[in-house]
$ cat input.cif   # mmCIF, C-alpha atoms
data_my_file
#
loop_
_atom_site.label_atom_id
_atom_site.label_comp_id
_atom_site.auth_asym_id
_atom_site.auth_seq_id
_atom_site.Cartn_x
_atom_site.Cartn_y
_atom_site.Cartn_z
CA MET A 1 -2.90 -23.26 -17.97
CA LYS A 2 -3.15 -21.73 -21.46
CA MET A 3 -6.52 -20.93 -22.99
CA ASP A 4 -7.26 -21.48 -26.68
CA GLU A 5 -7.86 -18.00 -28.16
CA ASP A 6 -10.19 -19.50 -30.82
CA ASP A 7 -12.46 -21.20 -28.28
CA PRO A 8 -15.57 -19.04 -27.64
CA ASN A 9 -15.77 -20.53 -24.12
CA ARG A 10 -12.09 -19.99 -23.46
CA HIS A 11 -12.42 -17.80 -20.35
CA ILE A 12 -11.84 -19.04 -16.89
CA TRP A 13 -12.75 -16.53 -14.23
CA PHE A 14 -11.07 -15.29 -11.10
CA ARG A 15 -13.63 -14.26 -8.46
CA ASP A 16 -12.51 -11.45 -6.15
CA SER A 17 -14.96 -10.88 -3.30
CA ILE A 18 -14.74 -7.13 -2.73
CA ASN A 19 -17.24 -7.50 0.13
CA PRO A 20 -19.96 -10.06 0.98
CA ASN A 21 -22.36 -8.30 -1.40
CA PHE A 22 -20.03 -7.30 -4.21
CA VAL A 23 -17.96 -9.64 -6.38
CA GLN A 24 -15.65 -8.65 -9.24
CA LEU A 25 -14.82 -11.19 -11.94
CA TYR A 26 -11.67 -11.19 -14.06
CA ALA A 27 -11.26 -13.17 -17.27
CA VAL A 28 -8.06 -15.20 -16.87
CA ARG A 29 -5.81 -15.99 -19.79
CA GLU A 30 -3.32 -18.06 -17.81
CA VAL A 31 -2.61 -19.22 -14.26
CA ILE A 32 1.13 -18.63 -14.02
CA TYR A 33 1.69 -19.79 -10.45
CA SER A 34 -0.46 -21.18 -7.65
CA GLY A 35 0.74 -22.32 -4.25
CA LYS A 36 0.86 -21.72 -0.53
CA THR A 37 3.60 -20.34 1.67
CA LYS A 38 3.86 -20.66 5.43
CA PHE A 39 1.77 -17.50 5.76
CA GLN A 40 -0.66 -17.22 2.83
CA ALA A 41 -1.94 -18.51 -0.49
CA VAL A 42 -0.09 -16.99 -3.47
CA ASP A 43 -1.34 -16.91 -7.06
CA ILE A 44 0.02 -15.17 -10.12
CA ILE A 45 -2.61 -14.91 -12.84
CA HIS A 46 -2.58 -13.29 -16.28
CA THR A 47 -5.87 -11.47 -16.83
CA ASN A 48 -7.14 -10.07 -20.10
CA ASN A 49 -7.80 -6.55 -18.77
CA PHE A 50 -5.12 -6.05 -16.14
CA GLY A 51 -2.19 -8.21 -17.27
CA LYS A 52 -0.28 -10.20 -14.64
CA CYS A 53 -1.77 -9.93 -11.16
CA LEU A 54 -0.51 -10.86 -7.70
CA VAL A 55 -3.24 -12.53 -5.66
CA LEU A 56 -2.78 -13.19 -1.92
CA ASP A 57 -5.36 -15.20 0.01
CA GLY A 58 -7.79 -14.81 -2.86
CA LYS A 59 -7.56 -11.01 -3.20
CA ILE A 60 -5.77 -9.04 -5.91
CA GLN A 61 -2.87 -7.01 -4.49
CA SER A 62 -1.30 -5.62 -7.68
CA SER A 63 -1.89 -5.72 -11.40
CA GLU A 64 0.54 -4.82 -14.17
CA LYS A 65 -1.84 -2.35 -15.79
CA ASP A 66 -2.85 -0.16 -12.85
CA GLU A 67 -0.45 -0.89 -9.97
CA PHE A 68 1.26 2.45 -10.66
CA ILE A 69 -1.85 4.24 -9.34
CA TYR A 70 -1.76 2.49 -5.99
CA HIS A 71 2.00 2.60 -5.49
CA GLU A 72 2.51 6.21 -6.56
CA ALA A 73 -0.40 7.23 -4.32
CA LEU A 74 1.04 5.32 -1.36
CA VAL A 75 4.64 6.53 -1.68
CA HIS A 76 4.96 9.99 -3.21
CA PRO A 77 2.66 12.17 -1.07
CA ALA A 78 4.71 11.28 2.01
CA MET A 79 8.06 11.54 0.22
CA ILE A 80 7.25 14.94 -1.30
CA THR A 81 5.84 16.28 1.97
CA HIS A 82 9.10 15.50 3.78
CA PRO A 83 11.78 18.19 3.21
CA HIS A 84 14.61 15.72 2.50
CA PRO A 85 13.86 12.01 2.99
CA ARG A 86 17.02 9.95 3.41
CA THR A 87 15.92 6.86 5.33
CA VAL A 88 12.79 4.83 4.63
CA PHE A 89 11.19 1.80 6.28
CA ILE A 90 8.71 -0.35 4.35
CA ALA A 91 6.50 -2.92 6.08
CA GLY A 92 5.28 -5.45 3.53
CA GLY A 93 5.38 -4.52 -0.14
CA GLY A 94 6.52 -7.97 -1.24
CA GLU A 95 6.16 -7.40 -5.00
CA GLY A 96 8.78 -4.63 -4.83
CA ALA A 97 6.74 -1.87 -6.47
CA THR A 98 6.62 0.30 -3.33
CA LEU A 99 10.38 -0.14 -3.10
CA ARG A 100 10.68 0.91 -6.75
CA GLU A 101 8.82 4.16 -6.11
CA VAL A 102 10.85 4.99 -3.00
CA LEU A 103 14.13 4.45 -4.84
CA ALA A 104 13.07 6.92 -7.53
CA HIS A 105 13.78 9.70 -5.01
CA ARG A 106 17.36 10.91 -5.39
CA SER A 107 17.69 11.86 -1.72
CA VAL A 108 17.14 8.30 -0.46
CA GLU A 109 20.25 6.77 1.08
CA LYS A 110 18.87 3.71 2.90
CA VAL A 111 15.71 1.61 2.65
CA VAL A 112 14.86 -1.19 5.06
CA MET A 113 12.08 -3.39 3.72
CA VAL A 114 10.65 -5.98 6.11
CA ASP A 115 8.28 -8.58 4.69
CA ILE A 116 7.65 -11.66 6.78
CA ASP A 117 7.03 -13.97 3.81
CA GLN A 118 10.32 -14.68 2.03
CA GLU A 119 8.72 -17.29 -0.20
CA ALA A 120 6.14 -14.82 -1.50
CA VAL A 121 8.82 -12.17 -2.12
CA ASP A 122 10.90 -14.71 -4.06
CA ILE A 123 7.85 -15.68 -6.15
CA CYS A 124 7.22 -12.02 -6.99
CA GLN A 125 10.85 -11.43 -7.91
CA HIS A 126 10.73 -14.34 -10.32
CA PHE A 127 7.30 -13.90 -11.92
CA LEU A 128 6.66 -10.12 -11.68
CA PRO A 129 9.84 -8.35 -12.85
CA SER A 130 7.80 -5.53 -14.41
CA LEU A 131 6.66 -4.53 -10.91
CA HIS A 132 9.95 -4.47 -8.99
CA GLN A 133 12.13 -3.52 -12.00
CA GLY A 134 15.28 -4.76 -10.29
CA SER A 135 14.73 -2.72 -7.11
CA PHE A 136 15.79 -5.56 -4.84
CA GLN A 137 19.31 -5.36 -6.28
CA ASP A 138 19.79 -1.67 -5.43
CA ASN A 139 22.70 -1.26 -2.99
CA ARG A 140 20.64 1.16 -0.86
CA VAL A 141 18.21 -1.63 0.03
CA GLN A 142 18.18 -4.08 2.93
CA VAL A 143 15.44 -6.71 2.73
CA LEU A 144 14.62 -8.66 5.88
CA HIS A 145 12.13 -11.47 6.32
CA LEU A 146 10.91 -10.80 9.83
CA ASP A 147 7.80 -9.59 11.59
CA ALA A 148 7.79 -5.82 10.98
CA ARG A 149 6.42 -5.05 14.43
CA GLU A 150 9.11 -7.14 16.06
CA TYR A 151 11.81 -5.46 13.96
CA LEU A 152 10.70 -1.95 14.90
CA SER A 153 10.43 -2.94 18.57
CA ASN A 154 13.97 -4.27 18.66
CA SER A 155 15.92 -2.11 16.22
CA GLY A 156 15.79 1.31 17.88
CA LYS A 157 16.45 2.95 14.49
CA GLN A 158 14.60 6.05 13.36
CA PHE A 159 13.40 6.74 9.83
CA ASP A 160 12.31 9.81 7.90
CA ILE A 161 9.51 7.86 6.22
CA ILE A 162 7.63 4.74 7.29
CA ILE A 163 5.37 3.10 4.70
CA ILE A 164 2.87 0.42 5.70
CA ASP A 165 2.04 -1.61 2.60
CA LEU A 166 0.29 -4.64 4.02
CA THR A 167 -2.42 -7.07 3.07
CA ASP A 168 -5.83 -6.42 4.61
CA PRO A 169 -6.31 -7.38 8.28
CA ILE A 170 -7.65 -10.91 7.88
CA GLU A 171 -8.22 -13.05 10.95
CA GLY A 172 -5.37 -15.55 11.15
CA GLY A 173 -3.41 -13.63 8.50
CA PRO A 174 0.07 -12.13 8.90
CA SER A 175 -0.93 -8.43 9.01
CA TYR A 176 -3.71 -7.67 11.49
CA ARG A 177 -1.40 -6.79 14.43
CA LEU A 178 0.10 -4.01 12.29
CA TYR A 179 -3.17 -2.06 12.22
CA THR A 180 -3.47 -1.41 15.96
CA GLN A 181 -2.95 1.57 18.23
CA GLN A 182 0.02 -0.16 19.84
CA PHE A 183 1.73 -0.61 16.48
CA TYR A 184 1.10 2.98 15.42
CA ARG A 185 2.60 4.17 18.71
CA LEU A 186 5.67 2.14 17.83
CA THR A 187 5.89 3.77 14.39
CA ARG A 188 5.66 7.20 16.03
CA GLU A 189 8.66 6.31 18.22
CA ARG A 190 10.62 5.14 15.18
CA LEU A 191 9.96 8.25 13.10
CA ALA A 192 12.47 11.08 13.16
CA PRO A 193 11.04 14.40 14.48
CA GLU A 194 10.08 15.53 10.96
CA GLY A 195 9.08 12.02 9.97
CA ILE A 196 5.85 10.96 8.29
CA LEU A 197 3.90 7.70 8.18
CA SER A 198 2.02 6.47 5.10
CA VAL A 199 -0.56 3.70 5.48
CA GLN A 200 -2.66 1.84 2.95
CA ALA A 201 -6.05 2.00 4.62
CA GLY A 202 -8.49 -0.19 2.73
CA SER A 203 -11.56 0.42 0.64
CA CYS A 204 -13.40 3.76 0.49
CA ASN A 205 -16.28 2.39 -1.53
CA TRP A 206 -19.79 3.30 -0.45
CA GLY A 207 -20.88 1.02 2.38
CA GLU A 208 -17.49 -0.57 3.00
CA SER A 209 -15.34 2.12 4.57
CA THR A 210 -15.25 0.55 8.05
CA ILE A 211 -11.53 -0.25 7.95
CA PHE A 212 -10.64 3.14 6.45
CA VAL A 213 -12.55 4.99 9.17
CA ALA A 214 -11.15 2.79 11.96
CA ILE A 215 -7.56 3.33 10.77
CA ASN A 216 -8.16 7.10 10.74
CA ASN A 217 -9.60 7.01 14.26
CA THR A 218 -6.73 4.89 15.53
CA LEU A 219 -4.07 7.12 13.98
CA HIS A 220 -5.79 10.18 15.46
CA SER A 221 -5.35 8.63 18.89
CA VAL A 222 -1.57 8.51 18.32
CA PHE A 223 -0.58 11.39 16.00
CA PRO A 224 -1.54 15.09 16.18
CA LEU A 225 -1.66 15.43 12.38
CA VAL A 226 -3.62 12.89 10.34
CA PHE A 227 -4.59 13.28 6.67
CA PRO A 228 -6.83 10.72 4.92
CA TYR A 229 -7.00 10.56 1.13
CA GLN A 230 -8.30 8.31 -1.61
CA THR A 231 -8.02 7.41 -5.26
CA HIS A 232 -9.64 5.03 -7.72
CA VAL A 233 -7.82 1.74 -8.35
CA PRO A 234 -9.74 -0.17 -11.05
CA SER A 235 -8.41 -3.65 -10.26
CA PHE A 236 -9.44 -3.19 -6.60
CA GLY A 237 -13.04 -2.61 -7.58
CA GLY A 238 -13.27 1.09 -6.77
CA LEU A 239 -11.94 3.75 -4.43
CA TRP A 240 -9.01 2.98 -2.15
CA GLY A 241 -7.96 4.79 0.99
CA PHE A 242 -4.62 5.94 2.38
CA VAL A 243 -3.60 7.97 5.42
CA LEU A 244 -0.60 10.15 6.23
CA ALA A 245 0.26 10.81 9.89
CA SER A 246 2.96 13.00 11.40
CA GLN A 247 4.01 14.99 14.43
CA GLN A 248 4.87 18.08 12.37
CA LEU A 249 4.34 17.76 8.60
CA ASN A 250 1.25 18.82 6.67
CA PRO A 251 0.92 17.42 3.11
CA LEU A 252 -1.43 20.27 2.16
CA SER A 253 1.10 22.99 2.95
CA GLN A 254 2.46 23.04 -0.63
CA SER A 255 0.69 24.42 -3.69
CA VAL A 256 0.16 22.46 -6.91
CA GLU A 257 3.11 24.28 -8.46
CA GLU A 258 5.36 23.59 -5.46
CA VAL A 259 4.59 19.86 -5.54
CA ASP A 260 5.35 19.74 -9.28
CA LYS A 261 8.62 21.57 -8.68
CA GLN A 262 9.60 19.12 -5.95
CA ILE A 263 8.80 16.13 -8.19
CA SER A 264 10.93 17.58 -10.99
CA ALA A 265 13.87 18.19 -8.65
CA ARG A 266 13.72 14.99 -6.62
CA VAL A 267 12.25 12.12 -8.67
CA SER A 268 14.52 10.38 -11.15
CA ARG A 269 11.86 9.20 -13.61
CA ASN A 270 8.53 10.24 -15.06
CA LEU A 271 5.48 9.45 -12.96
CA LYS A 272 2.28 8.26 -14.62
CA PHE A 273 -0.27 9.11 -11.92
CA TYR A 274 1.02 11.52 -9.30
CA ASP A 275 1.59 15.25 -9.72
CA GLY A 276 0.68 18.46 -7.91
CA LEU A 277 -2.94 18.57 -9.07
CA THR A 278 -3.44 14.88 -8.26
CA HIS A 279 -1.90 15.47 -4.83
CA GLN A 280 -4.41 18.21 -4.02
CA GLY A 281 -7.36 16.25 -5.42
CA MET A 282 -6.72 13.05 -3.47
CA PHE A 283 -7.15 14.83 -0.14
CA CYS A 284 -10.53 16.33 -1.16
CA LEU A 285 -12.77 13.64 0.30
CA PRO A 286 -16.51 13.69 -0.43
CA ARG A 287 -18.79 15.01 2.30
CA TYR A 288 -20.29 11.61 3.26
CA LEU A 289 -16.83 10.16 3.84
CA ARG A 290 -15.71 13.17 5.89
CA GLN A 291 -18.83 12.71 8.00
CA GLU A 292 -18.14 9.02 8.51
CA ILE A 293 -14.63 9.83 9.69
CA SER A 294 -15.77 12.62 12.02
CA GLN A 295 -18.47 10.41 13.54
CA GLY A 296 -16.29 7.31 13.84
CA LYS A 297 -15.36 6.20 17.34
CA SER A 298 -13.72 2.79 16.94
CA ILE A 299 -10.03 2.47 17.85
CA VAL A 300 -8.21 -0.70 16.85
CA THR A 301 -6.10 -2.27 19.60
CA ASP A 302 -4.28 -5.52 20.21
CA GLU A 303 -7.14 -6.51 22.50
CA LYS A 304 -9.80 -5.46 19.97
CA PRO A 305 -8.33 -6.03 16.50
CA LEU A 306 -10.21 -5.21 13.32
CA PHE A 307 -10.76 -7.89 10.71
CA LEU A 308 -11.90 -7.61 7.11
CA CYS A 309 -15.19 -9.47 6.73
#

$ encode --input "input.cif" --output "structure tokens"
Amino acid sequence: MKMDEDDPNRHIWFRDSINPNFVQLYAVREVIYSGKTKFQAVDIIHTNNFGKCLVLDGKIQSSEKDEFIYHEALVHPAMITHPHPRTVFIAGGGEGATLREVLAHRSVEKVVMVDIDQEAVDICQHFLPSLHQGSFQDNRVQVLHLDAREYLSNSGKQFDIIIIDLTDPIEGGPSYRLYTQQFYRLTRERLAPEGILSVQAGSCNWGESTIFVAINNTLHSVFPLVFPYQTHVPSFGGLWGFVLASQQLNPLSQSVEEVDKQISARVSRNLKFYDGLTHQGMFCLPRYLRQEISQGKSIVTDEKPLFLC
């Protein structure tokens, strides 16, 4: 629906419940698409502040204006930490922006992207070309519409990088079984010896870091090296968490200058968010969050899954 720009009451509002006590409202210029797939509700809205946004099950996943922050933060720390990433597995990432960032690395030879919801991926390809920028047509890419856990269980392939770009673990949703100890053990088996896992890990906002802490605890029970980090994503309503996990690689082993040098040598286009200084800063968590992580005891399992309230 189009809104009359001359009408003082022209705004309709999209309500994104960040948590039960915190709601963020977005003025909507146009609802571009609204429907349901087999797995989830999908909406594409055009907001005044953030441009076109992908909304899944009522929560914003990406916006045109600031998606580069989230996707560069999710992809590049892992890619730059690895000495020479050739093969990459992506779980989720239906809008294609994670794929776009991976393909910017010249060393990449093969990317397998597994997103269970083909209908949602097709909707994103059609309505959000500014996000994927033609990445689905790259001849290095294989896109499969399967359960990512099932694919990794059955494939036997190993990857240099595994990126988990999923929706939040919602009860009855398509993603919650990909946040468990059993799944992370599977990713460890599918990583090459110098491989590294990157996980989007939920909100780091004050009072709502339960999922972030639980993911850290669970990864610590599987991997010897675990590195949480965060950055501010405006359309998500605040700070957002990520975690890197590996058997061997330490993302803090390189200086600011070394990270910048690696970006210049490896990445085929200019980045808007990520560089050496940003890399170092993201891993400097505030004291209260470090304490929450150190005191956390919950481990997410198939028998005791974690759900976003």

$ atom_distance --input "input.cif" --atom1 "atom CA of A:Met282" --atom2 "atom CA of A:Ala245"
15.2 Å

$ closest_residue --input "input.cif" --among "A:Gln254, A:Ile263, A:Tyr229, A:Thr301" --to "A:Arg185" --atoms "only C-alpha atoms"
A:Thr301

$ residues_around --input "input.cif" --residues "A:Phe223" --least-positions-apart "3" --cutoff "10 Å" --atoms "all atoms listed in the file" --output "list of chain:residue names"
A:Tyr184, A:Arg185, A:Arg188, A:Leu197, A:Thr218, A:Leu219, A:His220, A:Val226, A:Leu244, A:Ala245, A:Ser246, A:Gln247, A:Gln248

$ write_last_selection --input "input.cif" --atoms "C-alpha atoms" --output "PDB file, in the coordinates of the input"
ATOM      1  CA  TYR A 184       1.100   2.980  15.420  1.00  0.00           C
ATOM      2  CA  ARG A 185       2.600   4.170  18.710  1.00  0.00           C
ATOM      3  CA  ARG A 188       5.660   7.200  16.030  1.00  0.00           C
ATOM      4  CA  LEU A 197       3.900   7.700   8.180  1.00  0.00           C
ATOM      5  CA  THR A 218      -6.730   4.890  15.530  1.00  0.00           C
ATOM      6  CA  LEU A 219      -4.070   7.120  13.980  1.00  0.00           C
ATOM      7  CA  HIS A 220      -5.790  10.180  15.460  1.00  0.00           C
ATOM      8  CA  VAL A 226      -3.620  12.890  10.340  1.00  0.00           C
ATOM      9  CA  LEU A 244      -0.600  10.150   6.230  1.00  0.00           C
ATOM     10  CA  ALA A 245       0.260  10.810   9.890  1.00  0.00           C
ATOM     11  CA  SER A 246       2.960  13.000  11.400  1.00  0.00           C
ATOM     12  CA  GLN A 247       4.010  14.990  14.430  1.00  0.00           C
ATOM     13  CA  GLN A 248       4.870  18.080  12.370  1.00  0.00           C
TER      14      GLN A 248
END

$ closest_residue --input "input.cif" --among "A:Pro85, A:Phe127, A:Glu189, A:Asn139" --to "A:Lys157" --atoms "all atoms listed in the file"
A:Glu189

$ closest_atom_pairs --input "input.cif" --of "stretch 116-184 of chain A" --to "stretch 99-105 of chain A" --cutoff "10 Å" --atoms "only C-alpha atoms" --output "CSV"
residue,atom,partner,partner_atom,distance
A:Leu131,CA,A:Arg100,CA,7.9
A:His132,CA,A:Arg100,CA,5.9
A:Gln133,CA,A:Arg100,CA,7.0
A:Gly134,CA,A:Arg100,CA,8.1
A:Ser135,CA,A:Arg100,CA,5.5
A:Phe136,CA,A:Leu99,CA,7.9
A:Asp138,CA,A:Leu103,CA,8.4
A:Arg140,CA,A:Leu103,CA,8.3
A:Val141,CA,A:Leu99,CA,8.6
A:Ile161,CA,A:Val102,CA,9.7
A:Ile163,CA,A:Val102,CA,9.6

$ closest_residue --input "input.cif" --among "A:Glu67, A:Thr180, A:Ala78, A:Val222" --to "A:Val259" --atoms "only C-alpha atoms"
A:Ala78

$ atom_distance --input "input.cif" --atom1 "atom CA of A:Val213" --atom2 "atom CA of A:Cys284"
15.5 Å

$ resolve_selection --input "input.cif" --expression "the PyMOL selection byres ((chain A and resi 152) around 10)" --output "ChimeraX atom specification"
/A:89,91,114,147-151,153-158,183,186-187,189-190

$ closest_residue --input "input.cif" --among "A:Phe242, A:Tyr70, A:Phe50, A:Phe307" --to "A:Phe283" --atoms "only C-alpha atoms"
A:Phe242

$ atom_distance --input "input.cif" --atom1 "atom CA of A:His46" --atom2 "atom CA of A:Val121"
18.2 Å

$ resolve_selection --input "input.cif" --expression "the PyMOL selection byres ((chain A and resi 62) around 12)" --output "number ranges by chain"
A: 43-47, 50-56, 59-61, 63-71, 93-98, 124, 128, 130-132, 165-167, 233-236

$ resolve_selection --input "input.cif" --expression "the PyMOL selection byres ((chain A and resi 305) around 10)" --output "list of chain:residue names"
A:Pro169, A:Ile170, A:Glu171, A:Tyr176, A:Arg177, A:Leu178, A:Tyr179, A:Thr180, A:Gln181, A:Ile299, A:Val300, A:Thr301, A:Asp302, A:Glu303, A:Lys304, A:Leu306, A:Phe307

$ decode --input "input.cif" --residues "stretch 229-246 of chain A" --atoms "N, CA, C and O atoms" --output "PDB file, in the first residue's frame"
ATOM      1  N   TYR A 229      31.794 -11.515  20.393  1.00  0.00           N
ATOM      2  CA  TYR A 229      31.957 -10.103  20.056  1.00  0.00           C
ATOM      3  C   TYR A 229      30.596  -9.488  19.764  1.00  0.00           C
ATOM      4  O   TYR A 229      29.584 -10.198  19.665  1.00  0.00           O
ATOM      5  N   GLN A 230      30.559  -8.171  19.649  1.00  0.00           N
ATOM      6  CA  GLN A 230      29.290  -7.479  19.476  1.00  0.00           C
ATOM      7  C   GLN A 230      29.478  -6.214  18.653  1.00  0.00           C
ATOM      8  O   GLN A 230      30.586  -5.683  18.544  1.00  0.00           O
ATOM      9  N   THR A 231      28.357  -5.744  18.110  1.00  0.00           N
ATOM     10  CA  THR A 231      28.341  -4.436  17.466  1.00  0.00           C
ATOM     11  C   THR A 231      26.918  -3.896  17.476  1.00  0.00           C
ATOM     12  O   THR A 231      25.948  -4.642  17.704  1.00  0.00           O
ATOM     13  N   HIS A 232      26.793  -2.610  17.227  1.00  0.00           N
ATOM     14  CA  HIS A 232      25.479  -1.968  17.249  1.00  0.00           C
ATOM     15  C   HIS A 232      24.842  -2.050  15.865  1.00  0.00           C
ATOM     16  O   HIS A 232      25.436  -1.650  14.868  1.00  0.00           O
ATOM     17  N   VAL A 233      23.618  -2.592  15.822  1.00  0.00           N
ATOM     18  CA  VAL A 233      22.845  -2.659  14.580  1.00  0.00           C
ATOM     19  C   VAL A 233      21.561  -1.860  14.816  1.00  0.00           C
ATOM     20  O   VAL A 233      20.646  -2.335  15.498  1.00  0.00           O
ATOM     21  N   PRO A 234      21.459  -0.639  14.300  1.00  0.00           N
ATOM     22  CA  PRO A 234      20.332   0.229  14.639  1.00  0.00           C
ATOM     23  C   PRO A 234      18.956  -0.384  14.386  1.00  0.00           C
ATOM     24  O   PRO A 234      18.059  -0.266  15.233  1.00  0.00           O
ATOM     25  N   SER A 235      18.765  -1.048  13.252  1.00  0.00           N
ATOM     26  CA  SER A 235      17.440  -1.584  12.946  1.00  0.00           C
ATOM     27  C   SER A 235      17.060  -2.750  13.847  1.00  0.00           C
ATOM     28  O   SER A 235      15.886  -3.128  13.908  1.00  0.00           O
ATOM     29  N   PHE A 236      18.032  -3.339  14.559  1.00  0.00           N
ATOM     30  CA  PHE A 236      17.748  -4.420  15.500  1.00  0.00           C
ATOM     31  C   PHE A 236      17.437  -3.899  16.896  1.00  0.00           C
ATOM     32  O   PHE A 236      17.177  -4.677  17.810  1.00  0.00           O
ATOM     33  N   GLY A 237      17.534  -2.607  17.081  1.00  0.00           N
ATOM     34  CA  GLY A 237      17.190  -2.035  18.374  1.00  0.00           C
ATOM     35  C   GLY A 237      18.324  -1.999  19.370  1.00  0.00           C
ATOM     36  O   GLY A 237      18.090  -1.818  20.564  1.00  0.00           O
ATOM     37  N   GLY A 238      19.577  -2.161  18.902  1.00  0.00           N
ATOM     38  CA  GLY A 238      20.689  -2.065  19.836  1.00  0.00           C
ATOM     39  C   GLY A 238      21.858  -2.947  19.480  1.00  0.00           C
ATOM     40  O   GLY A 238      22.155  -3.173  18.299  1.00  0.00           O
ATOM     41  N   LEU A 239      22.530  -3.473  20.503  1.00  0.00           N
ATOM     42  CA  LEU A 239      23.737  -4.268  20.320  1.00  0.00           C
ATOM     43  C   LEU A 239      23.398  -5.700  19.931  1.00  0.00           C
ATOM     44  O   LEU A 239      22.468  -6.297  20.459  1.00  0.00           O
ATOM     45  N   TRP A 240      24.206  -6.235  19.007  1.00  0.00           N
ATOM     46  CA  TRP A 240      23.973  -7.598  18.537  1.00  0.00           C
ATOM     47  C   TRP A 240      25.232  -8.425  18.697  1.00  0.00           C
ATOM     48  O   TRP A 240      26.344  -7.941  18.490  1.00  0.00           O
ATOM     49  N   GLY A 241      25.041  -9.695  19.083  1.00  0.00           N
ATOM     50  CA  GLY A 241      26.160 -10.556  19.401  1.00  0.00           C
ATOM     51  C   GLY A 241      26.500 -11.560  18.319  1.00  0.00           C
ATOM     52  O   GLY A 241      25.630 -12.009  17.561  1.00  0.00           O
ATOM     53  N   PHE A 242      27.772 -11.921  18.268  1.00  0.00           N
ATOM     54  CA  PHE A 242      28.310 -12.925  17.356  1.00  0.00           C
ATOM     55  C   PHE A 242      29.350 -13.733  18.128  1.00  0.00           C
ATOM     56  O   PHE A 242      29.881 -13.274  19.140  1.00  0.00           O
ATOM     57  N   VAL A 243      29.646 -14.929  17.633  1.00  0.00           N
ATOM     58  CA  VAL A 243      30.681 -15.746  18.260  1.00  0.00           C
ATOM     59  C   VAL A 243      31.488 -16.456  17.179  1.00  0.00           C
ATOM     60  O   VAL A 243      30.913 -16.999  16.225  1.00  0.00           O
ATOM     61  N   LEU A 244      32.812 -16.457  17.330  1.00  0.00           N
ATOM     62  CA  LEU A 244      33.689 -17.286  16.527  1.00  0.00           C
ATOM     63  C   LEU A 244      34.161 -18.455  17.378  1.00  0.00           C
ATOM     64  O   LEU A 244      34.435 -18.287  18.570  1.00  0.00           O
ATOM     65  N   ALA A 245      34.260 -19.643  16.763  1.00  0.00           N
ATOM     66  CA  ALA A 245      34.744 -20.829  17.479  1.00  0.00           C
ATOM     67  C   ALA A 245      35.638 -21.629  16.553  1.00  0.00           C
ATOM     68  O   ALA A 245      35.374 -21.743  15.352  1.00  0.00           O
ATOM     69  N   SER A 246      36.719 -22.186  17.120  1.00  0.00           N
ATOM     70  CA  SER A 246      37.701 -22.889  16.303  1.00  0.00           C
ATOM     71  C   SER A 246      38.484 -23.873  17.160  1.00  0.00           C
ATOM     72  O   SER A 246      38.521 -23.766  18.396  1.00  0.00           O
TER      73      SER A 246
END
